[in-house]
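Q: Submitted below is the structure of interest, expressed as structure tokens.
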Amino acid sequence: MEWLGRANINFTTSPKPLSLKERDGKETDLLEICRSAVPPCQLNPLIFNGHAQTIWTAAKAHGPPLHYKRRIFEADHAEFNGSFAVDFAVTDPSLKEEADKSLPPRTAFFTETELSGMGSDDSRPMLVVLHGLSGGSHEVYLRHAIAPLIESGKWEACVVISRGCARTKITTGLLYNARATWDVRQTVKWLKKMYPNRPLFGLGFSLGACILTNYLGEEGSATPLRAAVVVANPWALHISSKMLQSTLIGHHLYQRVLGNSMRALAMRHKEELDKYTNIDTANLFSLKYLYEFDRAYQCPTWGYPTEEAYYRDASSSDSLLAVRVPLLAINAVDDPIASHLSLPYAEASTNPYTVLCTTSLGGHLGWFEIGGGRWHGKPVCNFLNHMAFEVDLDSINYEANGKRTSGNPEFGTNFDPMRRKMLVNLNQ
């Protein structure tokens with residue numbers, strides 16, 4: 001029963017899920033793979049609801065001690081120029097070294113020799129990870145999910161750091177938003193060029209899950225990623241924001257904590273914001289809540305008239321309709337930040353490439369088990385391992401659902417789920 005920590009698990013997908021073929025010739029489908037990848041969800045009954053699970057994430061648990069090497073990229077986008085960082089998981093124990101004191105724990109910069117030696121013809125699967133709001137590769141929830149893959153010796157992984165996060169320096173006035181897909185797009189293209197034989201996979205958490213879903217929708221079948229997982233995606237940002245503002249704990253705890261984290265991030269880049277933008281940083285640094293920060297920073301920086309317009313435009317629920325690679329989405333129904341009212345049940349039920357897995361318990365990026373483990377890492381690793389090592393990736397039919405647009409030809413209507421109100425040239 002739920003009050004003993006046993007969560008109910010449900011799956012939502014198209015009545016005819018994406019057909020796939022195993023390497024041994026066995027016929028299967030995406031739903032069957034997801035069902036086999038998702039184990040029973042037995043959580044700590046003392047952390048008894050979504051608020052408790054979410055608040056417990058603030059406990060200073062150590063988590064798996066992954067090491068990283070950081071590479072700085074210069075953005076190739078003409079409008080969203082500047083620099084961003086990618087942290088590569090260290091898979092060779094001999095390369096682990098003392099962390100650079102200017103970087104997060106267990107993280108150091110690549111040496112010039114190491115940078116010049118990057119690239120390989122090996123065929124090891126590689127995971128591209130996107131972290132949550134104001135986070136980084138050091139986050140405990142992230143390390144719990146990818147550590148088993150790294151420790152298996154079979155995977156490579158990297159984490160795309162959102163601009164300004166995880167002690168990165170911005171070189172323009174741009175931080176990031178939920179539509180900021182340009183850095184992950186550049187990273188994926190670079191990886192495909194430098195490691196042409198590696199199958200690439202995606203993993204996103206919270207806001208990073210939103211960004212990854214938006215990227216997958218924008219790229220459709222053109223993405224080099226072969227499959228992906230998104231965890232605790234807030235989906236409809238305007239709904240999740242309104243739900244947070246409508247309750248005492250949502251407004252004065254979660255909105256304030258999230259707002260404080262973005263304010264602290266912006267304060268670390270005061271010099272650049274003053275130099276490259278017209279934002280009143282004194283006012284920005286006095287704000288308490290996330291929606292206030294988005295109103296004061298995201299709106300003038302990107303050109304949105306209101307934070308609600310930004311939330312609606314940057315949401316990823318419609319993007320789910322345009323995804324054309326196998327995607328497992330995992331959400332907890334009792335998540336107080338990514339509201340259950342924003343979950344895209346209808347969208348998932350129309351797209352055979354997507355399976356929405358919901359657990360009745362887990363909170364926001366919680367899923368704490370007895371003993372301190374995190375349940376979400378199990379389905380993530382199981383699904384990715386199955387897709388990488390058991391599925392014949394060449395068997396994926398990228399047009400199983402036809403064109404990504406819909407409408408009624410009789411009346412000349414056309415619906416494109418990726419038609420945005422804020423026009424951005426994605427491929428500059």
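In the structure tokens, the first chain shown is A, the next is B, and so on; residue numbers restart at 1 for each chain, and ligands run from 1 in the order shown.
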Report as a PDB file with N, CA and C atoms, in the first residue's frame all protein, DNA and RNA residues lying within 12 Å of stretch 27-33 of chain A, evaluated on only C-alpha atoms, omitting residues in the same chain fewer than 4 positions from it.
A:
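Writing the result to result_26.pdb gives the following:
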```
ATOM      1  N   ASN A  10       2.125   3.494 -13.394  1.00  0.00           N
ATOM      2  CA  ASN A  10       1.258   3.433 -14.570  1.00  0.00           C
ATOM      3  C   ASN A  10       2.031   3.880 -15.802  1.00  0.00           C
ATOM      4  N   PHE A  11       1.598   3.368 -16.949  1.00  0.00           N
ATOM      5  CA  PHE A  11       2.242   3.692 -18.220  1.00  0.00           C
ATOM      6  C   PHE A  11       1.198   4.246 -19.176  1.00  0.00           C
ATOM      7  N   THR A  12       1.572   5.307 -19.908  1.00  0.00           N
ATOM      8  CA  THR A  12       0.696   5.892 -20.919  1.00  0.00           C
ATOM      9  C   THR A  12       1.463   5.980 -22.228  1.00  0.00           C
ATOM     10  N   THR A  13       0.899   5.427 -23.280  1.00  0.00           N
ATOM     11  CA  THR A  13       1.521   5.506 -24.601  1.00  0.00           C
ATOM     12  C   THR A  13       0.447   5.303 -25.652  1.00  0.00           C
ATOM     13  N   SER A  14       0.848   5.300 -26.897  1.00  0.00           N
ATOM     14  CA  SER A  14      -0.078   5.086 -28.003  1.00  0.00           C
ATOM     15  C   SER A  14      -0.673   3.682 -27.940  1.00  0.00           C
ATOM     16  N   PRO A  15      -1.924   3.511 -28.394  1.00  0.00           N
ATOM     17  CA  PRO A  15      -2.507   2.165 -28.445  1.00  0.00           C
ATOM     18  C   PRO A  15      -1.655   1.184 -29.266  1.00  0.00           C
ATOM     19  N   LYS A  16      -0.867   1.725 -30.191  1.00  0.00           N
ATOM     20  CA  LYS A  16       0.046   0.906 -30.978  1.00  0.00           C
ATOM     21  C   LYS A  16       1.464   1.435 -30.758  1.00  0.00           C
ATOM     22  N   PRO A  17       2.160   0.951 -29.725  1.00  0.00           N
ATOM     23  CA  PRO A  17       3.495   1.473 -29.415  1.00  0.00           C
ATOM     24  C   PRO A  17       4.486   1.195 -30.546  1.00  0.00           C
ATOM     25  N   LEU A  18       5.581   1.919 -30.520  1.00  0.00           N
ATOM     26  CA  LEU A  18       6.628   1.778 -31.527  1.00  0.00           C
ATOM     27  C   LEU A  18       7.160   0.350 -31.562  1.00  0.00           C
ATOM     28  N   SER A  19       7.140  -0.276 -32.723  1.00  0.00           N
ATOM     29  CA  SER A  19       7.676  -1.625 -32.890  1.00  0.00           C
ATOM     30  C   SER A  19       9.201  -1.559 -32.955  1.00  0.00           C
ATOM     31  N   LEU A  20       9.850  -2.477 -32.263  1.00  0.00           N
ATOM     32  CA  LEU A  20      11.305  -2.555 -32.241  1.00  0.00           C
ATOM     33  C   LEU A  20      11.724  -4.008 -32.387  1.00  0.00           C
ATOM     34  N   LYS A  21      12.978  -4.205 -32.753  1.00  0.00           N
ATOM     35  CA  LYS A  21      13.513  -5.547 -32.908  1.00  0.00           C
ATOM     36  C   LYS A  21      14.768  -5.678 -32.055  1.00  0.00           C
ATOM     37  N   GLU A  22      14.834  -6.782 -31.300  1.00  0.00           N
ATOM     38  CA  GLU A  22      16.030  -7.064 -30.510  1.00  0.00           C
ATOM     39  C   GLU A  22      17.153  -7.550 -31.432  1.00  0.00           C
ATOM     40  N   ARG A  23      18.368  -7.509 -30.921  1.00  0.00           N
ATOM     41  CA  ARG A  23      19.493  -7.972 -31.728  1.00  0.00           C
ATOM     42  C   ARG A  23      19.412  -9.467 -32.041  1.00  0.00           C
ATOM     43  N   ALA A  37      11.896  -2.459 -17.980  1.00  0.00           N
ATOM     44  CA  ALA A  37      12.968  -1.628 -17.429  1.00  0.00           C
ATOM     45  C   ALA A  37      12.597  -0.992 -16.102  1.00  0.00           C
ATOM     46  N   VAL A  38      11.308  -0.841 -15.836  1.00  0.00           N
ATOM     47  CA  VAL A  38      10.845  -0.139 -14.637  1.00  0.00           C
ATOM     48  C   VAL A  38      10.547  -1.154 -13.531  1.00  0.00           C
ATOM     49  N   PRO A  39      11.348  -1.182 -12.472  1.00  0.00           N
ATOM     50  CA  PRO A  39      11.126  -2.141 -11.395  1.00  0.00           C
ATOM     51  C   PRO A  39      10.061  -1.638 -10.423  1.00  0.00           C
ATOM     52  N   ALA A 227      17.938   7.304 -28.444  1.00  0.00           N
ATOM     53  CA  ALA A 227      16.849   7.161 -27.469  1.00  0.00           C
ATOM     54  C   ALA A 227      17.143   8.116 -26.327  1.00  0.00           C
ATOM     55  N   VAL A 325      12.269   9.656 -31.617  1.00  0.00           N
ATOM     56  CA  VAL A 325      13.163   8.607 -31.134  1.00  0.00           C
ATOM     57  C   VAL A 325      12.531   8.031 -29.871  1.00  0.00           C
ATOM     58  N   PRO A 326      12.836   6.781 -29.516  1.00  0.00           N
ATOM     59  CA  PRO A 326      12.232   6.194 -28.316  1.00  0.00           C
ATOM     60  C   PRO A 326      12.529   7.028 -27.075  1.00  0.00           C
ATOM     61  N   LEU A 327      11.470   7.398 -26.365  1.00  0.00           N
ATOM     62  CA  LEU A 327      11.594   8.276 -25.202  1.00  0.00           C
ATOM     63  C   LEU A 327      10.799   7.716 -24.028  1.00  0.00           C
ATOM     64  N   LEU A 328      11.475   7.544 -22.904  1.00  0.00           N
ATOM     65  CA  LEU A 328      10.831   7.180 -21.641  1.00  0.00           C
ATOM     66  C   LEU A 328      10.787   8.416 -20.761  1.00  0.00           C
ATOM     67  N   ALA A 329       9.586   8.818 -20.350  1.00  0.00           N
ATOM     68  CA  ALA A 329       9.404   9.965 -19.457  1.00  0.00           C
ATOM     69  C   ALA A 329       8.934   9.452 -18.103  1.00  0.00           C
ATOM     70  N   ALA A 348       1.155  11.856 -24.806  1.00  0.00           N
ATOM     71  CA  ALA A 348       1.850  10.566 -24.790  1.00  0.00           C
ATOM     72  C   ALA A 348       1.008   9.472 -25.418  1.00  0.00           C
ATOM     73  N   SER A 349      -0.313   9.579 -25.276  1.00  0.00           N
ATOM     74  CA  SER A 349      -1.191   8.527 -25.798  1.00  0.00           C
ATOM     75  C   SER A 349      -1.354   8.599 -27.310  1.00  0.00           C
ATOM     76  N   ASN A 351       1.476   9.387 -29.378  1.00  0.00           N
ATOM     77  CA  ASN A 351       2.796   9.269 -30.006  1.00  0.00           C
ATOM     78  C   ASN A 351       3.424   7.923 -29.669  1.00  0.00           C
ATOM     79  N   PRO A 352       3.592   7.036 -30.635  1.00  0.00           N
ATOM     80  CA  PRO A 352       4.147   5.709 -30.345  1.00  0.00           C
ATOM     81  C   PRO A 352       5.608   5.733 -29.930  1.00  0.00           C
ATOM     82  N   TYR A 353       6.294   6.857 -30.129  1.00  0.00           N
ATOM     83  CA  TYR A 353       7.706   6.957 -29.746  1.00  0.00           C
ATOM     84  C   TYR A 353       7.885   7.280 -28.260  1.00  0.00           C
ATOM     85  N   THR A 354       6.818   7.566 -27.556  1.00  0.00           N
ATOM     86  CA  THR A 354       6.932   8.017 -26.175  1.00  0.00           C
ATOM     87  C   THR A 354       6.144   7.126 -25.229  1.00  0.00           C
ATOM     88  N   VAL A 355       6.714   6.893 -24.052  1.00  0.00           N
ATOM     89  CA  VAL A 355       6.015   6.217 -22.963  1.00  0.00           C
ATOM     90  C   VAL A 355       6.145   7.093 -21.724  1.00  0.00           C
ATOM     91  N   LEU A 356       5.012   7.488 -21.156  1.00  0.00           N
ATOM     92  CA  LEU A 356       4.996   8.259 -19.918  1.00  0.00           C
ATOM     93  C   LEU A 356       4.778   7.290 -18.760  1.00  0.00           C
ATOM     94  N   CYS A 357       5.770   7.196 -17.885  1.00  0.00           N
ATOM     95  CA  CYS A 357       5.695   6.340 -16.701  1.00  0.00           C
ATOM     96  C   CYS A 357       5.479   7.227 -15.484  1.00  0.00           C
ATOM     97  N   PRO A 379      15.246   2.555 -13.315  1.00  0.00           N
ATOM     98  CA  PRO A 379      14.641   2.528 -14.656  1.00  0.00           C
ATOM     99  C   PRO A 379      15.472   3.267 -15.695  1.00  0.00           C
ATOM    100  N   VAL A 380      16.166   4.337 -15.284  1.00  0.00           N
ATOM    101  CA  VAL A 380      17.026   5.053 -16.224  1.00  0.00           C
ATOM    102  C   VAL A 380      18.088   4.118 -16.781  1.00  0.00           C
ATOM    103  N   ASN A 382      18.286   0.766 -16.578  1.00  0.00           N
ATOM    104  CA  ASN A 382      17.724  -0.413 -17.243  1.00  0.00           C
ATOM    105  C   ASN A 382      17.300  -0.100 -18.672  1.00  0.00           C
ATOM    106  N   PHE A 383      16.614   1.023 -18.850  1.00  0.00           N
ATOM    107  CA  PHE A 383      16.137   1.394 -20.178  1.00  0.00           C
ATOM    108  C   PHE A 383      17.301   1.680 -21.118  1.00  0.00           C
ATOM    109  N   LEU A 384      18.264   2.472 -20.661  1.00  0.00           N
ATOM    110  CA  LEU A 384      19.384   2.838 -21.524  1.00  0.00           C
ATOM    111  C   LEU A 384      20.231   1.622 -21.873  1.00  0.00           C
ATOM    112  N   ASN A 385      20.467   0.752 -20.908  1.00  0.00           N
ATOM    113  CA  ASN A 385      21.234  -0.458 -21.206  1.00  0.00           C
ATOM    114  C   ASN A 385      20.509  -1.346 -22.212  1.00  0.00           C
ATOM    115  N   HIS A 386      19.201  -1.452 -22.063  1.00  0.00           N
ATOM    116  CA  HIS A 386      18.432  -2.276 -22.997  1.00  0.00           C
ATOM    117  C   HIS A 386      18.503  -1.690 -24.408  1.00  0.00           C
ATOM    118  N   MET A 387      18.318  -0.382 -24.510  1.00  0.00           N
ATOM    119  CA  MET A 387      18.342   0.241 -25.825  1.00  0.00           C
ATOM    120  C   MET A 387      19.737   0.154 -26.446  1.00  0.00           C
ATOM    121  N   GLU A 390      20.733  -4.300 -26.355  1.00  0.00           N
ATOM    122  CA  GLU A 390      19.832  -5.382 -26.731  1.00  0.00           C
ATOM    123  C   GLU A 390      18.955  -5.066 -27.938  1.00  0.00           C
ATOM    124  N   VAL A 391      18.674  -3.794 -28.179  1.00  0.00           N
ATOM    125  CA  VAL A 391      17.823  -3.415 -29.301  1.00  0.00           C
ATOM    126  C   VAL A 391      18.667  -3.200 -30.561  1.00  0.00           C
ATOM    127  N   ASP A 392      18.154  -3.665 -31.672  1.00  0.00           N
ATOM    128  CA  ASP A 392      18.761  -3.373 -32.968  1.00  0.00           C
ATOM    129  C   ASP A 392      18.367  -1.937 -33.331  1.00  0.00           C
ATOM    130  N   SER A 395      16.724  -0.921 -36.483  1.00  0.00           N
ATOM    131  CA  SER A 395      15.346  -1.348 -36.752  1.00  0.00           C
ATOM    132  C   SER A 395      14.332  -0.263 -36.452  1.00  0.00           C
ATOM    133  N   ILE A 396      14.766   0.853 -35.859  1.00  0.00           N
ATOM    134  CA  ILE A 396      13.828   1.912 -35.487  1.00  0.00           C
ATOM    135  C   ILE A 396      13.271   2.584 -36.739  1.00  0.00           C
ATOM    136  N   ASN A 397      11.971   2.608 -36.849  1.00  0.00           N
ATOM    137  CA  ASN A 397      11.300   3.274 -37.959  1.00  0.00           C
ATOM    138  C   ASN A 397      10.990   4.709 -37.536  1.00  0.00           C
TER     139      ASN A 397
END
```
Q: Extract, using only C-alpha atoms, all DNA, RNA and protein residues at most 9 Å from A:Gln255, discarding same-chain residues fewer than 6 positions from it, and format them as a PyMOL selection string.
A: chain A and resi 241+244-245+249+288-291+337
Q: Quick check, in Å to one decimal: how far apart do atom CA of A:Gly220 and atom CA of A:Ser319 lie?
A: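 If I compute the distance from atom CA of A:Gly220 to atom CA of A:Ser319, I get 9.5 Å.
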Q: Do you know which residues are at most 9 Å from stretch 178-190 of chain A counting only C-alpha atoms, after dropping those on the same chain fewer than 3 positions away, and could you put them as a PyMOL selection string?
A: chain A and resi 73+75-77+80+84+86+128+130+160-163+193-195+200+207-208+210-212+214-215+218+223-225+310-311+313-316+426-427
Q: Go through A:Ala296, A:Leu321, A:Ile146, A:Ile370 and flag the residue nearest A:Phe415, using only C-alpha atoms for the distances.
A: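 Of A:Ala296, A:Leu321, A:Ile146, A:Ile370, the one nearest A:Phe415 is A:Leu321, counting only C-alpha atoms.
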Q: So that I can check the secondary structure, give me every residue of stretch 110-348 of chain A assigned strand (DSSP E or B) by backbone DSSP, as a PyMOL selection string.
A: chain A and resi 126-130+156-161+200-205+225-231+327-332
Q: Would you mind telling me which residue in A:Arg419, A:Arg6, A:Arg124, A:His51 lies nearest to A:Gly217 when using only C-alpha atoms?
A: A:Arg419
Q: Quote the spacing between atom CA of A:Val129 and atom CA of A:Ala157 in Å to one decimal place.
A: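 These two atoms are separated by 7.4 Å.
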Q: Interatomic distance between atom CA of A:Leu273 and atom CA of A:Asn260?
A: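 Going from atom CA of A:Leu273 over to atom CA of A:Asn260, I get 17.2 Å.
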Q: Which of these residues is nearest to A:Lys275, using only C-alpha atoms: A:Thr171, A:Thr111, A:Ser261, A:Thr247?
A: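 For A:Lys275, the nearest of the candidates is A:Thr171.
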Q: Which of these residues is nearest to A:Gln53, using only C-alpha atoms: A:Gly82, A:Gly117, A:Gly372, A:Gly363?
A: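 Of A:Gly82, A:Gly117, A:Gly372, A:Gly363, the one nearest A:Gln53, counting only C-alpha atoms, is A:Gly363.
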Q: Would you mind listing what lies within 12 Å of A:Gly119 as JSON, numbers by chain, with only C-alpha atoms counted and same-chain residues fewer than 3 positions away left out?
A: {"A": [114, 115, 116, 122, 123, 190, 191, 192, 193, 194, 195, 196, 197, 198]}
Q: May I have the residues from that selection written out with N, CA, C and O atoms, as a short mmCIF file (atom, residue, chain, number, x, y, z; two decimals), in the first residue's frame?
A:
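Produced file again_38.cif, reproduced below:
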```
data_model
loop_
_atom_site.label_atom_id
_atom_site.label_comp_id
_atom_site.auth_asym_id
_atom_site.auth_seq_id
_atom_site.Cartn_x
_atom_site.Cartn_y
_atom_site.Cartn_z
N GLU A 114 45.24 16.65 -23.21
CA GLU A 114 44.02 15.85 -23.20
C GLU A 114 43.01 16.38 -24.22
O GLU A 114 42.33 15.59 -24.90
N LEU A 115 42.89 17.69 -24.31
CA LEU A 115 41.96 18.28 -25.27
C LEU A 115 42.33 17.91 -26.70
O LEU A 115 41.46 17.59 -27.52
N SER A 116 43.62 17.97 -27.00
CA SER A 116 44.06 17.67 -28.37
C SER A 116 43.90 16.19 -28.70
O SER A 116 43.83 15.82 -29.88
N ASP A 122 35.89 4.31 -31.31
CA ASP A 122 35.24 3.22 -30.58
C ASP A 122 33.73 3.34 -30.69
O ASP A 122 33.19 4.37 -31.08
N SER A 123 33.05 2.25 -30.33
CA SER A 123 31.60 2.20 -30.47
C SER A 123 30.89 2.11 -29.12
O SER A 123 29.76 1.62 -29.03
N TRP A 190 28.97 17.97 -32.14
CA TRP A 190 30.41 17.82 -31.91
C TRP A 190 30.74 16.37 -31.55
O TRP A 190 31.73 15.80 -32.05
N LEU A 191 29.95 15.78 -30.69
CA LEU A 191 30.18 14.39 -30.30
C LEU A 191 30.06 13.45 -31.50
O LEU A 191 30.86 12.51 -31.66
N LYS A 192 29.09 13.70 -32.34
CA LYS A 192 28.91 12.85 -33.52
C LYS A 192 30.10 12.97 -34.46
O LYS A 192 30.50 11.99 -35.12
N LYS A 193 30.68 14.15 -34.53
CA LYS A 193 31.85 14.36 -35.39
C LYS A 193 33.10 13.71 -34.79
O LYS A 193 33.88 13.07 -35.51
N MET A 194 33.29 13.88 -33.48
CA MET A 194 34.51 13.40 -32.84
C MET A 194 34.46 11.91 -32.50
O MET A 194 35.50 11.25 -32.39
N TYR A 195 33.25 11.39 -32.30
CA TYR A 195 33.08 9.98 -31.94
C TYR A 195 32.04 9.37 -32.88
O TYR A 195 30.93 9.02 -32.45
N PRO A 196 32.36 9.24 -34.17
CA PRO A 196 31.34 8.91 -35.17
C PRO A 196 30.69 7.55 -35.00
O PRO A 196 29.59 7.33 -35.50
N ASN A 197 31.35 6.63 -34.30
CA ASN A 197 30.80 5.28 -34.15
C ASN A 197 30.04 5.07 -32.85
O ASN A 197 29.48 4.00 -32.61
N ARG A 198 30.03 6.07 -31.99
CA ARG A 198 29.34 5.92 -30.72
C ARG A 198 27.84 6.21 -30.87
O ARG A 198 27.47 7.29 -31.34
#
```
Q: Determine, counting only C-alpha atoms, which protein, DNA and RNA residues have an atom within 8 Å of an atom of A:Gly132; residues of the same chain fewer than 4 positions away are not included. Present the result as a ChimeraX atom specification.
A: /A:136,204-209
Q: Could you pull out the residues in stretch 97-250 of chain A that DSSP calls alpha helix (DSSP H) from the backbone, as a ChimeraX atom specification?
A: /A:112-116,140-151,182-194,207-219,237-245,248-249
